[in-house]
Every structure is written in C-alpha cells, then in structure tokens.
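Undergrad: Data: entry_28.cif, mmCIF, C-alpha atoms.
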```cif
data_protein
loop_
_atom_site.label_atom_id
_atom_site.label_comp_id
_atom_site.auth_asym_id
_atom_site.auth_seq_id
_atom_site.Cartn_x
_atom_site.Cartn_y
_atom_site.Cartn_z
CA MET H 1188 -15.05 -25.30 -19.76
CA ILE H 1189 -13.55 -22.16 -18.35
CA THR H 1190 -9.92 -22.21 -17.41
CA GLY H 1191 -8.02 -19.51 -15.57
CA SER H 1192 -6.52 -18.49 -12.31
CA ILE H 1193 -8.58 -18.23 -9.14
CA ALA H 1194 -6.50 -15.15 -8.38
CA GLY H 1195 -8.73 -13.29 -10.83
CA ILE H 1196 -11.68 -13.86 -8.49
CA GLY H 1197 -9.60 -12.41 -5.67
CA ALA H 1198 -8.86 -9.29 -7.68
CA GLY H 1199 -12.55 -8.98 -8.50
CA LEU H 1200 -13.53 -9.26 -4.82
CA ALA H 1201 -10.94 -6.60 -3.94
CA ALA H 1202 -12.47 -4.36 -6.61
CA ILE H 1203 -15.98 -4.90 -5.16
CA GLY H 1204 -14.78 -3.92 -1.70
CA ALA H 1205 -13.02 -0.82 -2.95
CA GLY H 1206 -16.06 0.09 -5.08
CA ILE H 1207 -18.34 0.00 -2.05
CA GLY H 1208 -15.83 1.95 0.02
CA ILE H 1209 -15.12 4.68 -2.49
CA GLY H 1210 -18.83 4.90 -3.33
CA GLN H 1211 -19.63 5.52 0.32
CA ILE H 1212 -16.89 8.13 0.63
CA GLY H 1213 -17.93 9.93 -2.55
CA GLY H 1214 -21.62 9.84 -1.70
CA LYS H 1215 -21.16 11.13 1.84
CA ALA H 1216 -18.72 13.80 0.67
CA MET H 1217 -21.30 15.05 -1.85
CA GLU H 1218 -23.97 15.12 0.85
CA GLY H 1219 -21.62 17.08 3.06
CA MET H 1220 -20.77 19.52 0.29
CA ALA H 1221 -24.43 20.04 -0.59
CA ARG H 1222 -25.19 20.75 3.05
CA GLN H 1223 -22.21 23.03 3.59
CA PRO H 1224 -20.89 24.37 0.28
CA GLU H 1225 -18.45 26.65 2.12
CA ALA H 1226 -16.59 23.59 3.44
CA ALA H 1227 -16.39 21.97 0.00
CA GLY H 1228 -12.63 22.47 -0.32
CA ARG H 1229 -11.78 20.77 2.95
CA ILE H 1230 -14.28 17.98 2.35
CA GLN H 1231 -12.75 17.35 -1.06
CA THR H 1232 -9.22 17.05 0.37
CA ALA H 1233 -10.36 14.73 3.15
CA MET H 1234 -12.36 12.70 0.62
CA LEU H 1235 -9.32 12.18 -1.60
CA ILE H 1236 -7.17 11.09 1.35
CA ALA H 1237 -9.79 8.62 2.57
CA ALA H 1238 -10.32 7.31 -0.96
CA ALA H 1239 -6.57 6.78 -1.27
CA PHE H 1240 -6.58 4.64 1.88
CA VAL H 1241 -9.49 2.52 0.65
CA GLU H 1242 -7.94 2.17 -2.77
CA ALA H 1243 -4.60 1.09 -1.26
CA VAL H 1244 -6.27 -1.91 0.40
CA ALA H 1245 -7.84 -2.92 -2.92
CA LEU H 1246 -4.49 -2.53 -4.64
CA PHE H 1247 -2.89 -4.80 -2.04
CA GLY H 1248 -5.46 -7.37 -3.17
CA VAL H 1249 -4.66 -6.77 -6.83
CA VAL H 1250 -0.91 -7.06 -6.21
CA VAL H 1251 -1.38 -10.33 -4.31
CA ALA H 1252 -3.63 -11.64 -7.08
CA PHE H 1253 -1.05 -10.57 -9.61
CA LEU H 1254 1.72 -12.41 -7.76
CA GLY H 1255 -0.59 -15.41 -7.43
CA THR H 1256 -1.04 -15.80 -11.16
CA LYS H 1257 2.68 -16.14 -11.80
CA MET X 311 -6.62 25.69 2.73
CA ASP X 312 -9.46 25.72 0.29
CA LEU X 313 -9.19 23.44 -2.71
CA SER X 314 -12.28 24.87 -4.41
CA GLN X 315 -10.80 28.37 -4.24
CA ILE X 316 -7.74 27.16 -6.11
CA LEU X 317 -9.91 25.23 -8.53
CA ASN X 318 -12.01 28.31 -9.27
CA SER X 319 -9.18 30.81 -9.44
CA LYS X 320 -7.98 32.27 -12.68
CA LYS X 321 -4.60 30.68 -12.15
CA LEU X 322 -6.20 27.38 -12.88
CA VAL X 323 -6.70 28.46 -16.46
CA HIS X 324 -2.95 28.02 -16.83
CA ILE X 325 -3.04 24.51 -15.37
CA ALA X 326 -6.05 23.59 -17.44
CA PHE X 327 -4.39 24.86 -20.58
CA TYR X 328 -1.26 22.83 -19.96
CA ALA X 329 -3.23 19.77 -18.90
CA VAL X 330 -5.17 19.88 -22.17
CA PHE X 331 -1.97 20.49 -24.08
CA PHE X 332 -0.23 17.54 -22.43
CA ALA X 333 -3.37 15.48 -22.92
CA CYS X 334 -3.49 16.19 -26.65
CA VAL X 335 0.19 15.44 -27.12
CA THR X 336 0.12 12.33 -24.99
CA PHE X 337 -2.98 10.60 -26.14
CA THR X 338 -2.60 11.15 -29.83
CA VAL X 339 0.68 9.31 -29.60
CA SER X 340 -0.43 6.72 -27.07
CA ALA X 341 -3.35 5.89 -29.31
CA GLN X 342 -1.04 5.13 -32.20
CA GLU X 343 2.26 4.09 -30.77
CA PRO X 344 1.43 0.93 -28.79
CA GLU X 345 -0.07 -0.59 -31.96
CA LYS X 346 3.21 -0.09 -33.76
CA VAL X 347 5.16 -1.55 -30.89
CA GLU X 348 2.79 -4.42 -30.36
CA GLU X 349 2.36 -5.56 -33.93
CA PRO X 350 5.64 -7.37 -34.57
CA HIS X 351 5.37 -9.38 -31.33
CA VAL X 352 1.92 -10.62 -32.08
CA THR X 353 2.19 -11.29 -35.79
CA ARG X 354 5.21 -13.38 -35.03
CA SER X 355 3.31 -15.30 -32.37
CA GLU X 356 0.33 -15.78 -34.67
CA MET X 357 2.56 -17.38 -37.24
CA ASN X 358 4.23 -20.01 -35.14
CA ALA X 359 2.39 -20.41 -31.88
CA PRO X 360 -0.64 -22.57 -31.16
CA HIS X 361 -3.82 -20.85 -30.01
CA GLU X 362 -3.38 -21.49 -26.28
CA GLU X 363 0.05 -19.93 -26.20
CA LYS X 364 -1.07 -16.67 -27.77
CA GLU X 365 -2.69 -15.12 -24.71
CA GLU X 366 0.34 -16.12 -22.70
CA ASP X 367 2.43 -14.32 -25.27
CA ILE X 368 0.34 -11.16 -25.04
CA SER X 369 0.56 -11.02 -21.25
CA ALA X 370 4.31 -11.59 -21.56
CA THR X 371 4.48 -8.71 -24.05
CA ILE X 372 2.53 -6.44 -21.71
CA LEU X 373 4.75 -7.33 -18.76
CA HIS X 374 7.80 -6.77 -20.94
CA HIS X 375 6.55 -3.28 -21.79
CA ILE X 376 6.16 -2.19 -18.19
CA ALA X 377 9.41 -3.79 -17.01
CA ASP X 378 12.87 -2.30 -16.76
CA SER X 379 15.38 -3.23 -19.45
CA HIS X 380 19.06 -3.00 -20.36
CA GLU X 381 18.33 -1.22 -23.64
CA TRP X 382 16.04 1.58 -24.76
CA HIS X 383 13.85 -0.09 -27.35
CA PHE X 384 12.21 2.14 -29.99
CA TRP X 385 10.52 -0.10 -32.53
CA GLY X 386 10.96 -3.24 -34.60
CA GLU X 387 11.93 -6.75 -33.69
CA GLY X 388 14.88 -9.03 -34.43
CA GLU X 389 16.95 -7.81 -37.42
CA HIS X 390 15.00 -4.56 -37.82
CA LYS X 391 15.13 -3.61 -34.18
CA VAL X 392 15.92 0.03 -33.46
CA SER X 393 17.15 0.51 -29.93
CA VAL X 394 19.86 2.23 -27.93
CA PRO X 395 22.11 -0.07 -25.90
CA LEU X 396 22.79 1.04 -22.34
CA PRO X 397 25.83 0.26 -20.20
CA VAL X 398 25.68 -2.87 -18.07
CA ILE X 399 27.62 -2.61 -14.83
CA LEU X 400 27.95 -5.80 -12.82
CA TRP X 401 29.78 -6.45 -9.55
CA THR X 402 30.85 -10.06 -9.99
CA GLN X 403 33.11 -12.49 -8.13
CA ASN X 404 35.97 -11.19 -10.33
CA GLY X 405 35.26 -7.54 -9.53
CA LEU X 406 33.62 -4.85 -11.61
CA VAL X 407 32.56 -5.86 -15.12
CA THR X 408 31.20 -3.34 -17.61
CA PHE X 409 30.03 -3.72 -21.20
CA LEU X 410 27.35 -2.32 -23.50
CA SER X 411 24.12 -4.31 -23.44
CA ASN X 412 24.12 -5.01 -27.19
CA LYS X 413 27.37 -7.00 -26.84
CA HIS X 414 25.66 -10.02 -25.28
CA ASP X 415 21.97 -9.68 -26.12
CA GLU X 416 21.93 -11.91 -29.20
CA ASN X 417 21.05 -14.91 -27.09
CA ASP X 418 18.78 -14.17 -24.14
CA HIS X 419 17.57 -17.73 -23.59
CA GLY X 420 20.60 -18.59 -21.47
CA THR X 421 21.82 -21.25 -23.93
CA GLU X 422 25.19 -19.61 -24.49
CA ILE X 423 27.86 -18.84 -21.92
CA PHE X 424 29.96 -15.74 -22.52
CA GLU X 425 32.99 -14.55 -20.65
CA GLU X 426 33.73 -11.03 -19.56
CA LYS X 427 37.00 -10.39 -17.63
CA GLY X 428 37.29 -14.15 -17.07
CA GLN X 429 33.84 -14.28 -15.51
CA PRO X 430 31.46 -16.72 -17.24
CA MET X 431 27.86 -15.52 -17.35
CA VAL X 432 24.59 -16.18 -19.19
CA ASN X 433 21.91 -13.77 -20.36
CA TYR X 434 18.49 -15.13 -19.49
CA HIS X 435 15.53 -12.91 -20.49
CA GLY X 436 17.63 -9.76 -20.22
CA LYS X 437 19.10 -10.57 -16.80
CA TYR X 438 22.64 -11.74 -16.16
CA TYR X 439 23.33 -14.89 -14.12
CA TYR X 440 26.26 -17.13 -13.28
CA PRO X 441 25.88 -20.28 -15.41
CA GLY X 442 24.51 -23.37 -13.70
CA GLN X 443 23.62 -26.90 -14.84
CA LYS X 444 22.29 -27.21 -18.36
CA ASN X 445 18.53 -27.83 -18.23
CA ALA X 446 16.12 -29.60 -20.60
CA GLU X 447 15.80 -26.55 -22.87
CA GLY X 448 19.55 -26.24 -23.24
CA ALA X 449 19.77 -23.20 -20.98
CA TYR X 450 22.40 -22.94 -18.29
CA VAL X 451 19.90 -21.79 -15.67
CA GLU X 452 18.06 -23.68 -12.94
CA ILE X 453 14.40 -22.72 -13.03
CA ASP X 454 12.07 -23.35 -10.12
CA GLU X 455 8.39 -24.26 -10.42
CA ASN X 456 7.37 -20.60 -10.74
CA GLY X 457 9.63 -20.10 -13.76
CA VAL X 458 12.09 -17.97 -11.80
CA PRO X 459 15.79 -18.79 -12.21
CA THR X 460 17.48 -19.78 -8.96
CA ASN X 461 21.05 -19.23 -10.18
CA ALA X 462 23.38 -16.99 -8.24
CA LYS X 463 23.76 -13.67 -10.00
CA PRO X 464 26.14 -10.73 -9.88
CA LEU X 465 25.10 -7.47 -8.23
CA ASP X 466 23.54 -5.51 -11.07
CA VAL X 467 24.10 -1.75 -10.78
CA SER X 468 23.61 -1.06 -14.49
CA ILE X 469 22.38 2.17 -15.98
CA THR X 470 19.11 0.68 -17.20
CA LYS X 471 16.23 2.33 -19.03
CA ASN X 472 14.64 3.42 -15.76
CA VAL X 473 17.91 4.89 -14.50
CA VAL X 474 18.36 6.90 -17.72
CA SER X 475 14.79 8.13 -17.37
CA LEU X 476 15.53 9.04 -13.75
CA PHE X 477 18.59 11.05 -14.82
CA LEU X 478 16.55 12.80 -17.51
CA SER X 479 13.80 13.81 -15.12
CA VAL X 480 16.34 14.93 -12.51
CA ILE X 481 18.07 17.12 -15.11
CA VAL X 482 14.74 18.61 -16.20
CA LEU X 483 13.70 19.29 -12.61
CA LEU X 484 17.08 20.83 -11.72
CA LEU X 485 17.10 23.08 -14.79
CA VAL X 486 13.52 24.24 -14.29
CA PHE X 487 13.59 24.72 -10.56
CA THR X 488 17.03 26.29 -10.16
CA GLY X 489 15.87 28.77 -12.82
CA ILE X 490 12.66 29.46 -10.93
CA ALA X 491 14.43 29.74 -7.59
CA LYS X 492 16.82 32.25 -9.13
CA SER X 493 14.02 34.34 -10.60
CA TYR X 494 12.34 34.41 -7.17
CA ARG X 495 15.55 35.82 -5.70
CA VAL X 496 16.10 38.34 -8.48
CA ARG X 497 12.49 39.46 -8.86
CA GLU X 498 11.57 39.43 -5.19
CA MET X 499 8.11 40.88 -4.45
CA LYS X 500 7.44 41.36 -8.15
CA ALA X 501 4.98 39.60 -10.41
CA PRO X 502 6.20 36.21 -11.68
CA LYS X 503 7.50 35.97 -15.21
CA GLY X 504 7.87 33.25 -17.83
CA LEU X 505 8.24 29.71 -16.55
CA GLN X 506 7.79 31.00 -13.03
CA SER X 507 4.23 32.13 -13.73
CA ILE X 508 3.32 28.69 -15.08
CA LEU X 509 4.52 26.83 -12.01
CA GLU X 510 3.74 29.37 -9.31
CA PRO X 511 0.07 28.32 -9.00
CA ILE X 512 1.17 24.71 -8.51
CA ILE X 513 3.84 25.63 -5.97
CA ILE X 514 1.26 27.72 -4.09
CA PHE X 515 -1.17 24.81 -4.32
CA VAL X 516 1.41 22.53 -2.67
CA ARG X 517 2.07 25.13 0.01
CA ASP X 518 -1.52 26.16 0.81
CA ASP X 519 -3.40 22.93 0.22
CA ILE X 520 -0.84 20.31 1.19
CA ALA X 521 1.79 21.69 3.54
CA LYS X 522 -0.05 24.30 5.63
CA PRO X 523 -3.13 22.28 6.64
CA GLN X 524 -1.04 19.25 7.66
CA LEU X 525 2.06 20.86 9.14
CA GLY X 526 0.75 24.15 10.58
CA HIS X 527 3.34 26.83 11.24
CA ARG X 528 6.23 24.40 10.74
CA TYR X 529 5.45 23.99 7.06
CA ALA X 530 8.41 26.02 5.76
CA ALA X 531 11.03 23.48 6.87
CA PHE X 532 9.38 20.67 4.90
CA MET X 533 8.41 22.61 1.78
CA PRO X 534 11.61 21.70 -0.13
CA TYR X 535 10.98 17.98 0.38
CA LEU X 536 7.26 18.17 -0.41
CA LEU X 537 7.81 20.22 -3.57
CA THR X 538 10.58 17.88 -4.73
CA VAL X 539 8.47 14.79 -4.18
CA PHE X 540 5.40 16.32 -5.77
CA PHE X 541 7.11 17.46 -8.95
CA PHE X 542 9.28 14.34 -9.21
CA VAL X 543 6.30 12.00 -8.98
CA TRP X 544 4.12 14.12 -11.22
CA LEU X 545 6.76 14.55 -13.93
CA ASN X 546 7.55 10.86 -13.95
CA ASN X 547 3.89 9.85 -13.99
CA LEU X 548 3.41 12.01 -17.07
CA MET X 549 6.65 10.84 -18.71
CA GLY X 550 5.57 7.24 -18.16
CA LEU X 551 2.48 7.91 -20.27
CA ILE X 552 4.51 9.06 -23.29
CA PRO X 553 5.14 5.89 -25.30
CA PHE X 554 8.33 7.00 -27.09
CA PHE X 555 11.78 8.32 -26.22
CA PRO X 556 11.77 10.84 -23.38
CA GLY X 557 9.03 8.85 -21.69
CA GLY X 558 7.86 5.29 -21.70
CA ALA X 559 10.13 4.10 -18.91
CA ASN X 560 7.41 3.53 -16.27
CA LEU X 561 9.64 4.91 -13.52
CA THR X 562 6.96 5.49 -10.86
CA GLY X 563 5.56 2.05 -11.73
CA ASN X 564 8.79 0.53 -10.47
CA ILE X 565 8.60 -0.64 -6.89
CA SER X 566 12.25 0.18 -6.13
CA VAL X 567 11.73 3.83 -7.05
CA THR X 568 8.57 4.18 -4.99
CA MET X 569 10.32 2.35 -2.14
CA MET X 570 13.09 4.95 -2.10
CA LEU X 571 10.54 7.76 -2.12
CA ALA X 572 8.61 6.16 0.73
CA LEU X 573 11.87 5.57 2.60
CA CYS X 574 12.66 9.30 2.39
CA THR X 575 9.29 10.05 4.02
CA PHE X 576 9.92 7.36 6.63
CA VAL X 577 13.35 8.76 7.51
CA LEU X 578 11.99 12.33 7.72
CA THR X 579 9.13 11.16 9.94
CA THR X 580 11.41 9.17 12.23
CA VAL X 581 14.10 11.83 12.52
CA ASN X 582 11.62 14.63 13.17
CA GLY X 583 9.45 12.63 15.56
CA ASN X 584 9.10 14.57 18.83
CA LYS X 585 8.37 13.50 22.40
CA ASN X 586 4.60 13.34 21.76
CA TYR X 587 5.03 11.13 18.72
CA TRP X 588 7.28 8.57 20.39
CA GLY X 589 5.21 8.84 23.55
CA HIS X 590 2.18 7.87 21.53
CA VAL X 591 4.06 4.83 20.23
CA PHE X 592 5.62 3.54 23.46
CA THR X 593 3.15 4.77 26.09
CA PRO X 594 -0.23 4.80 24.33
CA HIS X 595 -3.24 6.22 26.18
CA VAL X 596 -4.67 2.84 27.18
CA PRO X 597 -4.77 0.89 30.47
CA TRP X 598 -1.30 -0.49 31.25
CA TRP X 599 -2.35 -4.13 30.77
CA LEU X 600 -3.06 -3.42 27.10
CA TYR X 601 0.56 -2.31 26.53
CA PRO X 602 1.83 -5.75 25.35
CA LEU X 603 -0.83 -5.58 22.63
CA MET X 604 -0.75 -1.89 21.76
CA ILE X 605 3.01 -1.25 21.61
CA PRO X 606 3.65 -3.90 18.90
CA VAL X 607 0.64 -2.63 16.97
CA GLU X 608 1.96 0.94 17.14
CA ILE X 609 5.44 -0.19 16.08
CA ILE X 610 4.00 -2.12 13.11
CA GLY X 611 1.99 1.01 12.33
CA LEU X 612 5.23 2.98 11.93
CA PHE X 613 6.25 0.70 9.06
CA THR X 614 2.91 0.05 7.36
CA LYS X 615 2.47 3.76 6.60
CA PRO X 616 5.48 4.05 4.26
CA ILE X 617 4.82 0.56 2.86
CA ALA X 618 1.27 1.58 1.93
CA LEU X 619 2.71 4.74 0.37
CA MET X 620 5.09 2.60 -1.69
CA ILE X 621 2.49 0.07 -2.88
CA ARG X 622 -0.14 2.73 -3.65
CA LEU X 623 1.95 4.66 -6.15
CA PHE X 624 3.48 1.52 -7.68
CA ALA X 625 0.19 -0.33 -8.09
CA ASN X 626 -1.75 2.66 -9.41
CA ILE X 627 0.73 3.47 -12.13
CA THR X 628 1.40 -0.15 -13.05
CA ALA X 629 -2.32 -0.91 -13.20
CA GLY X 630 -2.87 2.07 -15.50
CA HIS X 631 -0.13 0.97 -17.89
CA ILE X 632 -1.37 -2.64 -17.94
CA LEU X 633 -4.91 -1.43 -18.63
CA ILE X 634 -3.87 0.69 -21.63
CA LEU X 635 -1.71 -2.09 -23.09
CA SER X 636 -4.40 -4.72 -22.51
CA LEU X 637 -7.01 -2.66 -24.32
CA ILE X 638 -4.71 -2.28 -27.31
CA SER X 639 -3.95 -6.02 -27.13
CA LEU X 640 -7.68 -6.77 -27.48
CA ILE X 641 -7.26 -6.12 -31.21
CA PHE X 642 -4.71 -8.92 -31.38
CA ILE X 643 -6.52 -11.27 -29.00
CA LEU X 644 -9.76 -11.05 -30.99
CA LYS X 645 -7.82 -10.96 -34.30
CA SER X 646 -10.03 -8.32 -35.87
CA VAL X 647 -9.14 -4.82 -36.98
CA PHE X 648 -12.71 -3.67 -36.29
CA VAL X 649 -12.11 -4.06 -32.57
CA ALA X 650 -9.82 -1.06 -32.97
CA GLY X 651 -12.94 1.08 -33.50
CA ILE X 652 -13.88 0.41 -29.87
CA ALA X 653 -10.46 -0.21 -28.36
CA VAL X 654 -8.66 2.91 -29.57
CA PRO X 655 -11.29 5.45 -28.38
CA PHE X 656 -11.39 3.58 -25.10
CA VAL X 657 -7.60 3.77 -24.84
CA ILE X 658 -7.82 7.52 -25.43
CA PHE X 659 -10.41 7.76 -22.69
CA ILE X 660 -8.27 5.74 -20.25
CA SER X 661 -5.22 7.83 -21.19
CA VAL X 662 -7.08 10.99 -20.18
CA ILE X 663 -8.04 9.29 -16.91
CA GLU X 664 -4.40 8.35 -16.43
CA LEU X 665 -3.37 12.00 -16.81
CA VAL X 666 -5.71 12.82 -13.95
CA VAL X 667 -4.48 9.79 -11.97
CA GLY X 668 -0.89 10.94 -12.53
CA PHE X 669 -1.72 14.26 -10.85
CA ILE X 670 -3.89 12.75 -8.12
CA GLN X 671 -1.25 10.16 -7.18
CA ALA X 672 1.44 12.86 -6.95
CA PHE X 673 -0.97 14.89 -4.79
CA ILE X 674 -1.86 11.88 -2.60
CA PHE X 675 1.78 10.88 -2.13
CA THR X 676 2.70 14.43 -1.10
CA ILE X 677 -0.30 15.02 1.15
CA LEU X 678 0.20 11.69 2.93
CA SER X 679 3.92 12.45 3.39
CA ALA X 680 2.92 15.81 4.85
CA LEU X 681 0.30 14.10 7.04
CA PHE X 682 2.81 11.57 8.43
CA ILE X 683 5.43 14.26 9.05
CA GLY X 684 2.69 16.41 10.60
CA MET X 685 1.78 13.59 12.99
CA ALA X 686 5.45 13.32 13.98
CA VAL X 687 5.96 17.03 14.71
CA GLU X 688 2.55 17.73 16.29
CA GLU X 689 2.88 19.43 19.68
CA HIS X 690 -0.38 18.54 21.43
CA THR X 691 -2.19 15.28 20.88
CA ALA X 692 -5.95 15.31 20.98
CA HIS X 693 -6.13 12.96 23.99
#
```
The structure in this file should be written as structure tokens.
TA:
Amino acid sequence: MITGSIAGIGAGLAAIGAGIGIGQIGGKAMEGMARQPEAAGRIQTAMLIAAAFVEAVALFGVVVAFLGTK
Amino acid sequence: MDLSQILNSKKLVHIAFYAVFFACVTFTVSAQEPEKVEEPHVTRSEMNAPHEEKEEDISATILHHIADSHEWHFWGEGEHKVSVPLPVILWTQNGLVTFLSNKHDENDHGTEIFEEKGQPMVNYHGKYYYPGQKNAEGAYVEIDENGVPTNAKPLDVSITKNVVSLFLSVIVLLLVFTGIAKSYRVREMKAPKGLQSILEPIIIFVRDDIAKPQLGHRYAAFMPYLLTVFFFVWLNNLMGLIPFFPGGANLTGNISVTMMLALCTFVLTTVNGNKNYWGHVFTPHVPWWLYPLMIPVEIIGLFTKPIALMIRLFANITAGHILILSLISLIFILKSVFVAGIAVPFVIFISVIELVVGFIQAFIFTILSALFIGMAVEEHTAH
C-alpha cells in the first residue's frame, strides 16, 4: 500500500513538461550553433531566456503542488 | 553582444578563479554543516516518535531551515542551543511593542500567554498571535483544517534573520560599489586596479550582454538599476548557500523579497512606458471587434510578467535549498551512515549546480527586467 499526496504526481507531470520543453530548446539551440557558430553568443542568450520561461511554468506547477501537500 | 566572446576572453579567468574559490569554500562547508545542524532534530525524533511521524518531522525540519526566523540559530537544540536573539518589533492594539526574541521563546506551542506593555500574546511556532480560545492541545490558538492558526495577530515588522541578512548584503554592496565607483572617478581612463579589476568584467558583462541588446542606446539610464539588481540577487543567492553565519538566511528564497524586486521592475516598466507601449496595450493591432478580448488579455499580461519574475527566483532558490537538505536527510530517513557515502558526494554535486544556478538566476532576473523595460521604451513596434 502506497500512501502519499497526489500533489506529487502533479509536480512530476510539471517536471515532464519542462523536461520536454527545455530539451527542445537546448537541442535546437545546439543545432543552430553548429550551423552558425558565429551566432553562438546570441543563440545562447536567447536559449537561456526561453528556458527560463519554460522553467517558470514548471515551477508554477511545483509551487501549486507544494501548497497542495500542506 | 556576444556571450561566447565574454566566455572566451581572458577576463573570464578571473571569474572562473573566484567561482572555483567560492565553490571550494561553500561546498566543503555545506557538505559538513547540514549534518551537524540536522542531527539533534532527528535523533530526538528517533527516540520518541513512532515511525510514521519521522518523515513528517524531517520535512518539518527542512521547511524550518528554509524559513525566516526571529533568531539566528547556529547549532544545538534545547539547553545547548547556540543562537543570537534578534529584536521583535510588533505593532499591536496597544501600540508599538519591542522585545528580544529570547525573552518569550521558551514556549512556542502557544500554551502560555505572556504580556508585553499590557498586551497579551502567545508564541506559536515562532510567530506571535493574540490569544484565542484554548484548544484540545492546550494552546491558545484556533487552528483550521490546514494547520494554520486563524487568530488575529499584530503587525510584525521585526528585524528577523532575513532582514539582518538583507542589511549585511546591503552594507557589503555599498562598501564594495561606492569604492569601485570612486576608483572609476579617480582613475578615469586608466587600467582598473584591485577590487575594480575583479568586478569590471562582470559589470561589462551586464552592460554589453544584458543592457545593450535589450535597451539599445537608452541603456545608460537603466544601468544603475540593472547592476544593483544583478549584484544584489547574485550575492544573496551565494550567501544563501553558505550554511553558517554570514549566509544561510535564504533571502532570495523568500517570496516577499523577490516580490519587492519584481515590483521595482514593474514600477520602472510602468513609469517609463511610452506611447507605443500603452498603445500596444489599449489599441492592439487587431480588428476592433477583438478589443473586448484583447485589452483584458494585454492588461493581465502587464501583471503576469513581474509575477513570473517573482515566482521564478523564489521557486528556483527554494527548490535548490530543499533538494540539498533532502539529500542530507536521506541519511536519517534510511537510518544508515553508509548512505552518506552516496548522499554527501551528491550534495557536493548539487551544491556546485546551485552555484551555477545562483549566477544564472541573477542573470535571468536582470535580463528579463531589461527586456521588459526595453519593451516599454521601444520606439517602433514591429507591426
């Protein structure tokens, strides 16, 4: 018998979503950098900003899950 | 403009050197210190708590470690506790009440009413409330189903652990940066010297990689704010990772602090918003019949940007601290010292990641602030 909060599942789902999102961003950014190494700096900055947006959504999920367990 | 240029430049050697230095200092102590802090809590719980309550106790301990508090706790528990009491300042129904936190912290279960300037109060889990009806556990607090007391409470404007940490970091930043600003005035157009040469690459990084690409030629007006925010967040992220005195306060993992930072960005964005910016909000480039839908969406968009900024920093730093403490707690959950062989190296690894996260979050906060301000002051929209 496993006991626990269902909020943990929510946090896990949020992590899956963010994982897919950040994976896509990272992968595409690497492709872009390999194709145009001279633009690597700008791609890196844009990648970090986009990753921050994706991560924020996941963290909303984590915060809600965290509040849910209380 | 170019991040890779900065990353490849010789100046980075300085940053790398200091990063490694900070890393060594921070993770040697963070690998050892939490064990010391944790031990008394858990051994006590192992002695007199049934098995089910133990995990509850560990999560309570972890939450206690990342929370704000009225005292600066160093080590030990109960009789052998070593901590510095901090002033408690309360605005009650009888006016201003001040006392040192160790005066009334003997009983924090709310079972004892004390009086201060004729104002009865109870201390329940480190927070001060007006006494209510006595409940089943003998405490004078009314607790709702979520375990949160519903008593009325005085306005708490105490100098807590986080506030002391805030003062410390403000003093450090003022000392360092007034010194650097002075040496820029005195040694104008000369090579940097001393502290200035350590921080100049980072200041130039903020200017060339954060401010200029987002703000264009108007960057100079916003540089003071961006530099302040960047160094404030970065310093506090790093100080939060130090488990003992000057650090350990988890300031940027406190939602009130990040809210104030995000509010500063929001105010700057709103005040500096030009005709284009407000035009984009109130007369978006859509057919007129979409206005009832688009205008509310745009107005909500004004507020979600700083709210996301607030949650992002708070959640990242808090999550990092919880992760480190949980990994150390694994030793106590699994009740085996051999777990330490896996847990401690993993904690070191996560601590190094947290050092990077501390920098990246400061960078992200600053670049997003610059981006939002840049959107507000932009002359020509792309439409």
Undergrad: Taking into account all atoms listed in the file, which residue in the set H:Ile1193, H:Ala1233, H:Ala1227, H:Ala1202 is nearest to chain X?
TA: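 Of all the options, H:Ala1227 lies closest to chain X.
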Undergrad: Wanna dump the chain H-chain X contacts at 8 Å for me, each residue with its shortest atom pair and the distance in Å to one decimal, counting only C-alpha atoms, ordered by chain and number, as CSV?
TA:
```
residue,atom,partner,partner_atom,distance
H:Ala1227,CA,X:Ser314,CA,6.7
H:Gly1228,CA,X:Leu313,CA,4.3
H:Arg1229,CA,X:Asp312,CA,6.1
H:Gln1231,CA,X:Leu313,CA,7.2
H:Thr1232,CA,X:Leu313,CA,7.1
H:Leu1235,CA,X:Ile674,CA,7.5
H:Ile1236,CA,X:Ile674,CA,6.7
H:Ala1239,CA,X:Ile674,CA,7.1
H:Glu1242,CA,X:Arg622,CA,7.9
H:Ala1243,CA,X:Arg622,CA,5.3
H:Leu1246,CA,X:Ala625,CA,6.2
H:Phe1247,CA,X:Ile621,CA,7.3
H:Val1250,CA,X:Ala625,CA,7.1
H:Lys1257,CA,X:Asn456,CA,6.6
```
Undergrad: Could you tell me how far atom CA of X:Asn586 lies from atom CA of X:Val539, in Å and to one decimal?
TA: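 About the pair atom CA of X:Asn586 and atom CA of X:Val539: they are 26.3 Å apart.
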Undergrad: Just want the 10 Å neighbourhood of X:Phe424, counted on all atoms listed in the file, with same-chain residues fewer than 5 positions away dropped. Output as a list in words.
TA: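 Residues near the query, excluding close chain neighbours: His414, Gln429, Pro430, Met431, Val432, Asn433 and Pro441 of chain X.
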Undergrad: Measuring atom to atom with all atoms listed in the file, identify which of H:Ala1245, H:Ala1237, H:Ala1194, H:Leu1200 is nearest to H:Lys1215.
TA: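 The shortest atom-to-atom distance to H:Lys1215 comes from H:Ala1237.
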Undergrad: Run the PyMOL selection byres ((chain X and resi 608) around 12) mentally over the shown coordinates, then write out the matched residues as a count of residues only, using the chain letters and numbers from the document.
TA: 24
